[in-house]
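Reproduced below: target.txt, with compact mmCIF, C-alpha atoms.
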```txt
# COMPACT_ATOMS: atom_id res chain seq x y z
CA MET A 1160 19.57 18.12 19.35
CA LYS A 1161 19.72 15.48 16.61
CA LYS A 1162 20.60 12.72 19.08
CA THR A 1163 17.69 13.73 21.30
CA ILE A 1164 15.21 13.55 18.41
CA ILE A 1165 16.47 10.13 17.36
CA ILE A 1166 16.17 8.78 20.93
CA VAL A 1167 12.61 10.11 21.21
CA LEU A 1168 11.60 8.45 17.94
CA LEU A 1169 13.14 5.15 19.02
CA LEU A 1170 11.29 5.25 22.32
CA ALA A 1171 8.05 5.90 20.45
CA GLY A 1172 8.76 2.90 18.27
CA PHE A 1173 9.08 0.62 21.30
CA LEU A 1174 6.01 2.05 23.06
CA GLY A 1175 3.82 -0.88 22.08
CA ALA A 1176 6.14 -3.35 23.81
CA ARG A 1177 5.34 -1.88 27.24
CA HIS A 1178 1.79 -3.22 27.32
CA SER A 1179 1.18 -6.38 29.33
CA GLN A 1180 -1.11 -7.78 26.66
CA ALA A 1181 1.20 -7.72 23.67
CA GLN A 1182 -0.42 -8.43 20.35
CA GLU A 1183 2.65 -9.72 18.50
CA MET A 1184 6.11 -8.79 17.30
CA GLY A 1185 7.66 -8.96 13.90
CA VAL A 1186 10.90 -8.42 12.04
CA SER A 1187 10.39 -7.24 8.49
CA PHE A 1188 12.41 -6.48 5.40
CA SER A 1189 11.00 -3.65 3.32
CA PHE A 1190 11.55 -1.84 0.05
CA PHE A 1191 10.58 1.78 -0.43
CA PHE A 1192 9.73 3.34 -3.78
CA PRO A 1193 9.53 7.14 -3.40
CA LYS A 1194 7.55 9.27 -5.81
CA ASP A 1195 10.07 10.76 -8.26
CA GLY A 1196 12.88 9.22 -6.22
CA TYR A 1197 15.27 6.29 -6.11
CA PHE A 1198 14.52 2.80 -4.81
CA SER A 1199 15.57 2.40 -1.15
CA ALA A 1200 15.93 -0.43 1.35
CA PRO A 1201 16.14 -0.57 5.15
CA ILE A 1202 19.30 -1.22 7.14
CA SER A 1203 18.96 -4.64 8.74
CA PRO A 1204 18.56 -5.46 11.58
CA PHE A 1205 17.48 -1.91 12.46
CA SER A 1206 13.84 -2.39 11.51
CA LEU A 1207 11.26 -3.64 13.97
CA ARG A 1208 7.57 -3.40 13.18
CA GLY A 1209 4.33 -4.83 14.54
CA LEU A 1210 4.75 -3.78 18.18
CA GLY A 1211 1.38 -3.17 19.75
CA PHE A 1212 -1.69 -4.60 21.42
CA ASN A 1213 -5.22 -5.73 20.64
CA ILE A 1214 -8.12 -3.46 21.59
CA THR A 1215 -10.68 -6.04 20.48
CA ARG A 1216 -10.48 -9.21 18.41
CA ASN A 1217 -10.73 -7.16 15.20
CA LEU A 1218 -9.08 -3.91 16.25
CA ALA A 1219 -5.44 -3.29 17.21
CA ILE A 1220 -2.80 -0.58 17.55
CA GLU A 1221 0.72 -1.07 16.23
CA SER A 1222 3.97 0.86 16.10
CA GLY A 1223 7.67 0.16 15.59
CA PHE A 1224 10.43 1.75 13.56
CA SER A 1225 12.44 1.38 10.35
CA LEU A 1226 15.88 2.77 9.65
CA TYR A 1227 16.22 3.36 5.92
CA ARG A 1228 19.10 4.42 3.77
CA MET A 1229 17.16 6.56 1.32
CA SER A 1230 18.87 6.77 -2.05
CA GLY A 1231 16.98 9.86 -3.18
CA MET A 1232 13.78 11.86 -2.65
CA ASN A 1233 12.28 14.87 -4.33
CA VAL A 1234 11.34 18.28 -2.95
CA SER A 1235 7.95 20.00 -3.26
CA GLY A 1236 7.21 23.71 -3.12
CA LEU A 1237 9.69 24.81 -5.79
CA ASP A 1238 8.84 27.10 -8.70
CA PHE A 1239 9.83 24.42 -11.19
CA GLU A 1240 9.13 20.69 -11.59
CA THR A 1241 11.59 17.84 -11.78
CA LYS A 1242 11.15 14.09 -11.87
CA GLU A 1243 14.65 13.52 -10.52
CA PRO A 1244 15.33 13.46 -6.73
CA ILE A 1245 17.02 16.53 -5.30
CA VAL A 1246 17.85 15.13 -1.85
CA GLY A 1247 19.96 12.04 -1.15
CA PRO A 1248 21.46 9.80 -0.19
CA PHE A 1249 20.67 10.03 3.52
CA PHE A 1250 19.64 7.93 6.52
CA ASN A 1251 16.01 8.03 7.62
CA LEU A 1252 14.40 6.90 10.86
CA MET A 1253 10.65 6.40 10.45
CA VAL A 1254 8.17 5.61 13.27
CA PRO A 1255 4.54 4.76 12.36
CA ALA A 1256 1.47 4.64 14.62
CA GLU A 1257 -1.27 2.54 13.02
CA LEU A 1258 -4.84 1.50 13.73
CA ILE A 1259 -5.45 -2.03 12.44
CA LEU A 1260 -8.68 -3.68 11.32
CA GLN A 1261 -8.02 -7.42 11.19
CA PHE A 1262 -10.11 -10.33 9.98
CA GLY A 1263 -9.37 -14.02 9.69
CA ASN A 1264 -8.80 -17.22 11.63
CA GLU A 1265 -5.95 -19.12 13.26
CA SER A 1266 -4.18 -19.81 9.95
CA PHE A 1267 -4.89 -16.68 7.87
CA GLU A 1268 -5.38 -13.01 8.55
CA PHE A 1269 -6.18 -9.95 6.44
CA ARG A 1270 -5.49 -6.46 7.77
CA LEU A 1271 -6.38 -2.93 6.79
CA LYS A 1272 -4.04 -0.28 8.19
CA GLY A 1273 -4.16 3.47 8.59
CA GLY A 1274 -2.50 6.10 10.74
CA GLY A 1275 0.29 8.61 10.95
CA PHE A 1276 4.06 8.56 11.04
CA ALA A 1277 7.00 10.72 12.06
CA PHE A 1278 10.48 10.67 10.58
CA TYR A 1279 13.87 12.30 10.90
CA ASN A 1280 16.77 12.39 8.45
CA PHE A 1281 20.46 12.51 9.19
CA GLY A 1282 23.54 12.49 7.01
CA THR A 1283 21.43 14.44 4.52
CA LYS A 1284 23.02 15.47 1.22
CA LEU A 1285 21.71 17.46 -1.72
CA ASN A 1286 21.94 16.03 -5.22
CA TYR A 1287 23.39 19.10 -6.92
CA GLY A 1288 23.66 17.32 -10.24
CA ASN A 1289 19.90 16.85 -10.51
CA PHE A 1290 19.13 20.28 -9.05
CA ASP A 1291 21.50 22.07 -11.43
CA ARG A 1292 19.98 20.33 -14.45
CA ALA A 1293 16.46 21.24 -13.33
CA ILE A 1294 17.21 24.91 -12.60
CA ARG A 1295 19.24 25.19 -15.82
CA SER A 1296 16.21 24.04 -17.81
CA HIS A 1297 13.90 26.33 -15.81
CA LEU A 1298 16.06 29.41 -16.46
CA SER A 1299 16.89 28.42 -20.07
CA TRP A 1300 20.60 28.51 -19.26
CA GLU A 1301 23.35 26.35 -20.70
CA VAL A 1302 25.36 26.23 -17.48
CA ALA A 1303 24.17 26.38 -13.86
CA ASN A 1304 25.96 25.86 -10.55
CA ALA A 1305 23.92 26.19 -7.33
CA GLN A 1306 24.95 26.61 -3.70
CA LEU A 1307 22.15 25.90 -1.25
CA ASP A 1308 21.38 25.78 2.46
CA TYR A 1309 18.44 23.91 4.01
CA ASP A 1310 16.77 23.00 7.29
CA ASN A 1311 16.68 19.44 8.59
CA LYS A 1312 13.52 19.05 10.69
CA VAL A 1313 11.28 16.27 11.96
CA GLY A 1314 8.65 15.39 9.36
CA PHE A 1315 5.12 14.04 9.66
CA GLY A 1316 2.50 12.44 7.46
CA TYR A 1317 -0.22 9.84 7.12
CA GLU A 1318 -0.19 6.33 5.69
CA PHE A 1319 -2.52 3.49 4.79
CA GLY A 1320 -2.16 -0.03 3.52
CA THR A 1321 -2.94 -3.74 3.71
CA GLU A 1322 -1.23 -6.83 5.05
CA ILE A 1323 -1.78 -10.57 4.63
CA ILE A 1324 -0.46 -13.01 7.24
CA SER A 1325 -0.24 -16.77 6.92
CA TYR A 1326 0.32 -18.63 10.19
CA PHE A 1327 2.17 -21.96 10.18
CA THR A 1328 1.78 -22.44 13.94
CA ARG A 1329 -0.05 -20.56 16.70
CA SER A 1330 3.09 -18.49 17.36
CA PHE A 1331 4.77 -18.20 13.96
CA GLY A 1332 3.76 -16.74 10.60
CA ILE A 1333 4.92 -14.78 7.59
CA SER A 1334 3.47 -11.53 6.29
CA ILE A 1335 3.34 -9.63 3.02
CA GLY A 1336 2.13 -6.05 3.00
CA ALA A 1337 2.08 -2.71 1.25
CA ASN A 1338 1.77 0.78 2.74
CA TYR A 1339 1.47 4.13 0.99
CA TYR A 1340 2.99 7.15 2.74
CA VAL A 1341 2.17 10.82 2.21
CA GLY A 1342 4.20 13.27 4.26
CA GLY A 1343 6.90 15.89 4.30
CA ALA A 1344 9.47 17.81 6.29
CA GLU A 1345 10.22 21.51 5.98
CA MET A 1346 13.49 22.22 4.19
CA ASN A 1347 13.28 25.94 3.29
CA LEU A 1348 15.82 25.67 0.51
CA ARG A 1349 17.70 28.92 -0.08
CA GLY A 1350 20.92 30.04 -1.69
CA SER A 1351 22.04 31.11 -5.13
CA VAL A 1352 22.78 29.80 -8.59
CA SER A 1353 25.40 31.10 -11.00
CA GLY A 1354 25.37 30.49 -14.72
CA GLY A 1355 24.12 31.65 -18.07
CA SER A 1356 24.45 30.95 -21.77
CA GLU A 1357 26.52 32.08 -24.75
CA ALA A 1358 23.95 34.78 -25.50
CA SER A 1359 24.18 36.32 -22.01
CA PRO A 1360 26.97 36.92 -19.50
CA ILE A 1361 27.46 34.77 -16.41
CA ARG A 1362 25.30 36.04 -13.57
CA THR A 1363 24.17 35.01 -10.09
CA VAL A 1364 20.52 34.67 -9.11
CA ARG A 1365 19.23 34.45 -5.56
CA LEU A 1366 17.09 31.38 -4.78
CA ASP A 1367 14.58 31.28 -1.95
CA TYR A 1368 11.95 28.58 -1.46
CA PRO A 1369 10.47 29.12 2.04
CA GLY A 1370 7.67 26.61 1.45
CA SER A 1371 9.85 23.80 0.14
CA LYS A 1372 9.51 20.38 1.77
CA LEU A 1373 11.10 17.00 1.45
CA ASP A 1374 8.43 14.97 -0.36
CA TYR A 1375 8.02 11.79 1.69
CA THR A 1376 5.52 10.19 -0.67
CA GLY A 1377 5.89 6.62 -1.79
CA LEU A 1378 5.05 2.94 -1.65
CA GLU A 1379 6.56 0.54 0.87
CA ILE A 1380 6.49 -3.20 0.13
CA SER A 1381 7.31 -5.40 3.13
CA MET A 1382 7.84 -9.04 3.92
CA GLY A 1383 8.27 -10.25 7.46
CA VAL A 1384 8.21 -12.91 10.14
CA ILE A 1385 5.55 -12.67 12.87
CA PHE A 1386 5.99 -13.95 16.43
CA THR A 1387 2.92 -14.12 18.67
CA PRO A 1388 3.59 -14.42 22.43
CA GLN A 1389 1.78 -17.32 24.05
```
Represent the structure of the file as structure tokens.
Amino acid sequence: MKKTIIIVLLLAGFLGARHSQAQEMGVSFSFFFPKDGYFSAPISPFSLRGLGFNITRNLAIESGFSLYRMSGMNVSGLDFETKEPIVGPFFNLMVPAELILQFGNESFEFRLKGGGFAFYNFGTKLNYGNFDRAIRSHLSWEVANAQLDYDNKVGFGYEFGTEIISYFTRSFGISIGANYYVGGAEMNLRGSVSGGSEASPIRTVRLDYPGSKLDYTGLEISMGVIFTPQ
């Protein structure tokens, strides 16, 4: 099942390359800064963005994919708050689909981007250290040790951003851009936590968070090389 999902996402990322009137292609290097998470970077050369085609001179559609090694992300839908990531590290395959408004000339271009994205995680691990500290504070315990299960599902969201491209020739340029992502994937964290304090005996409490989601919210900064077919 996991292999099938990954193949589908990869095919979606290359969809733009099938059009006879290709807009352009690009290889980018990106940095991702998740909300309440750890700084992450993609796995080169497994990132290819800017595949698509022009609808008009000022309107285009782009896709692609990025394979990230996410260092840590947080989880929403819990009954307590934490600023430390609860999930990670893990590998993440993200496929965007963007509508582009572009303005400029042969040597300079400014773009406004917006659209949706899908992602899938594999090799997912929970950060029990951060979770135990958060639940310990929430329950006013001195010691806490959790054991959790979770679902690993395809996630979705929306994103928006800007990009500036400087062309050195008609077929070669460099780009600098920033995108903000807001999305999530159902996790349904459940399990138990054992612990207590000196004033109370050790006990086990059932944990169930059916609405919990991986919080895929954050800022992506990218730099890339653009190739325009002639």
Leaving out A:Ser1356 and any residue of its chain fewer than 5 positions from it, which residues lie within 8 Å of it when counting all atoms listed in the file, given as a PyMOL selection string?
chain A and resi 1300-1302+1361
Residue among A:Ile1259, A:Ser1189, A:Ser1334, A:Val1246 lying closest to A:Asn1213, counting only C-alpha atoms:
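Among the listed residues, A:Ile1259 lies closest to A:Asn1213.
Of the residues under consideration (A:Asn1347, A:Thr1376, A:Gln1261, A:Ser1371), A:Gln1261 shows the shortest atom-to-atom contact distance to A:Ile1214 when counting all atoms listed in the file.
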Mind pulling up the distance from atom CA of A:Glu1345 to atom CA of A:Lys1242?
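We find that atom CA of A:Lys1242 and atom CA of A:Glu1345 lie 19.4 Å from each other.
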What's around stretch 1292-1298 of chain A at 12 Å? Count all atoms listed in the file, leave out sequence neighbours fewer than 2 positions away in its own chain, and write the answer as a compact mmCIF listing (two decimals) with C-alpha atoms, in the coordinates of the input.
```txt
# COMPACT_ATOMS: atom_id res chain seq x y z
CA ASN A 1233 12.28 14.87 -4.33
CA VAL A 1234 11.34 18.28 -2.95
CA LEU A 1237 9.69 24.81 -5.79
CA ASP A 1238 8.84 27.10 -8.70
CA PHE A 1239 9.83 24.42 -11.19
CA GLU A 1240 9.13 20.69 -11.59
CA THR A 1241 11.59 17.84 -11.78
CA LYS A 1242 11.15 14.09 -11.87
CA GLU A 1243 14.65 13.52 -10.52
CA PRO A 1244 15.33 13.46 -6.73
CA ILE A 1245 17.02 16.53 -5.30
CA ASN A 1286 21.94 16.03 -5.22
CA TYR A 1287 23.39 19.10 -6.92
CA GLY A 1288 23.66 17.32 -10.24
CA ASN A 1289 19.90 16.85 -10.51
CA PHE A 1290 19.13 20.28 -9.05
CA TRP A 1300 20.60 28.51 -19.26
CA GLU A 1301 23.35 26.35 -20.70
CA VAL A 1302 25.36 26.23 -17.48
CA ALA A 1303 24.17 26.38 -13.86
CA ASN A 1304 25.96 25.86 -10.55
CA ALA A 1305 23.92 26.19 -7.33
CA GLN A 1306 24.95 26.61 -3.70
CA SER A 1351 22.04 31.11 -5.13
CA VAL A 1352 22.78 29.80 -8.59
CA SER A 1353 25.40 31.10 -11.00
CA GLY A 1354 25.37 30.49 -14.72
CA GLY A 1355 24.12 31.65 -18.07
CA SER A 1356 24.45 30.95 -21.77
CA ARG A 1362 25.30 36.04 -13.57
CA THR A 1363 24.17 35.01 -10.09
CA VAL A 1364 20.52 34.67 -9.11
CA LEU A 1366 17.09 31.38 -4.78
```
Enclose stretch 1293-1312 of chain A, meaning all of its atoms listed in the file, in a box aligned along x, y and z, pad it by 6 Å on each side, and list the centre and edge lengths in Å to one decimal, as AutoDock Vina command-line options.
```
--center_x 19.7 --center_y 24.2 --center_z -5.0 --size_x 24.4 --size_y 22.4 --size_z 43.4
```
Suppose you want the space between atom CA of A:Leu1307 and atom CA of A:Ser1230; what is it in Å?
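Spanning atom CA of A:Leu1307 to atom CA of A:Ser1230 is a straight-line distance of 19.4 Å.
Residue nearest A:Pro1193 within the list A:Leu1260, A:Leu1207, A:Leu1348, A:Met1232: A:Met1232 [criterion: smallest interatomic distance, all atoms listed in the file].
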For the atom pair atom CA of A:Glu1322 and atom CA of A:Gly1231, what is the interatomic distance in Å to one decimal place?
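Result for atom CA of A:Glu1322 versus atom CA of A:Gly1231: 26.0 Å, one decimal.
Distance check against A:Phe1212 using only C-alpha atoms: of A:Ser1199, A:Leu1258, A:Phe1191, A:Tyr1227, the minimum falls on A:Leu1258.
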Residue nearest A:Asp1310 among A:Leu1378, A:Leu1271, A:Ala1344, A:Met1253 (counting only C-alpha atoms):
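Result for the nearest residue to A:Asp1310: A:Ala1344.
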Best match for closeness to A:Glu1265 among A:Ala1200, A:Ile1324, A:Ile1220, A:Ile1335, counting all atoms listed in the file:
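Selected residue with least distance to A:Glu1265: A:Ile1324.
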Extract, using all atoms listed in the file, all DNA, RNA and protein residues at most 9 Å from stretch 1380-1383 of chain A, discarding same-chain residues fewer than 5 positions from it, and format them as a list in words.
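Returned residues: Gly1185, Val1186, Ser1187, Phe1188, Ser1189, Phe1190, Phe1191, Phe1192, Arg1208, Glu1322, Gly1332, Ile1333, Ser1334, Ile1335, Gly1336, Ala1337, Asn1338 and Tyr1339 of chain A.
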Using only C-alpha atoms, please write the residues we just selected to a file, as an mmCIF file, in the coordinates of the input.
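out.cif, written as the output of this step:
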```
data_model
loop_
_atom_site.group_PDB
_atom_site.id
_atom_site.type_symbol
_atom_site.label_atom_id
_atom_site.label_comp_id
_atom_site.auth_asym_id
_atom_site.auth_seq_id
_atom_site.Cartn_x
_atom_site.Cartn_y
_atom_site.Cartn_z
ATOM 1 C CA GLY A 1185 7.660 -8.960 13.900
ATOM 2 C CA VAL A 1186 10.900 -8.420 12.040
ATOM 3 C CA SER A 1187 10.390 -7.240 8.490
ATOM 4 C CA PHE A 1188 12.410 -6.480 5.400
ATOM 5 C CA SER A 1189 11.000 -3.650 3.320
ATOM 6 C CA PHE A 1190 11.550 -1.840 0.050
ATOM 7 C CA PHE A 1191 10.580 1.780 -0.430
ATOM 8 C CA PHE A 1192 9.730 3.340 -3.780
ATOM 9 C CA ARG A 1208 7.570 -3.400 13.180
ATOM 10 C CA GLU A 1322 -1.230 -6.830 5.050
ATOM 11 C CA GLY A 1332 3.760 -16.740 10.600
ATOM 12 C CA ILE A 1333 4.920 -14.780 7.590
ATOM 13 C CA SER A 1334 3.470 -11.530 6.290
ATOM 14 C CA ILE A 1335 3.340 -9.630 3.020
ATOM 15 C CA GLY A 1336 2.130 -6.050 3.000
ATOM 16 C CA ALA A 1337 2.080 -2.710 1.250
ATOM 17 C CA ASN A 1338 1.770 0.780 2.740
ATOM 18 C CA TYR A 1339 1.470 4.130 0.990
#
```
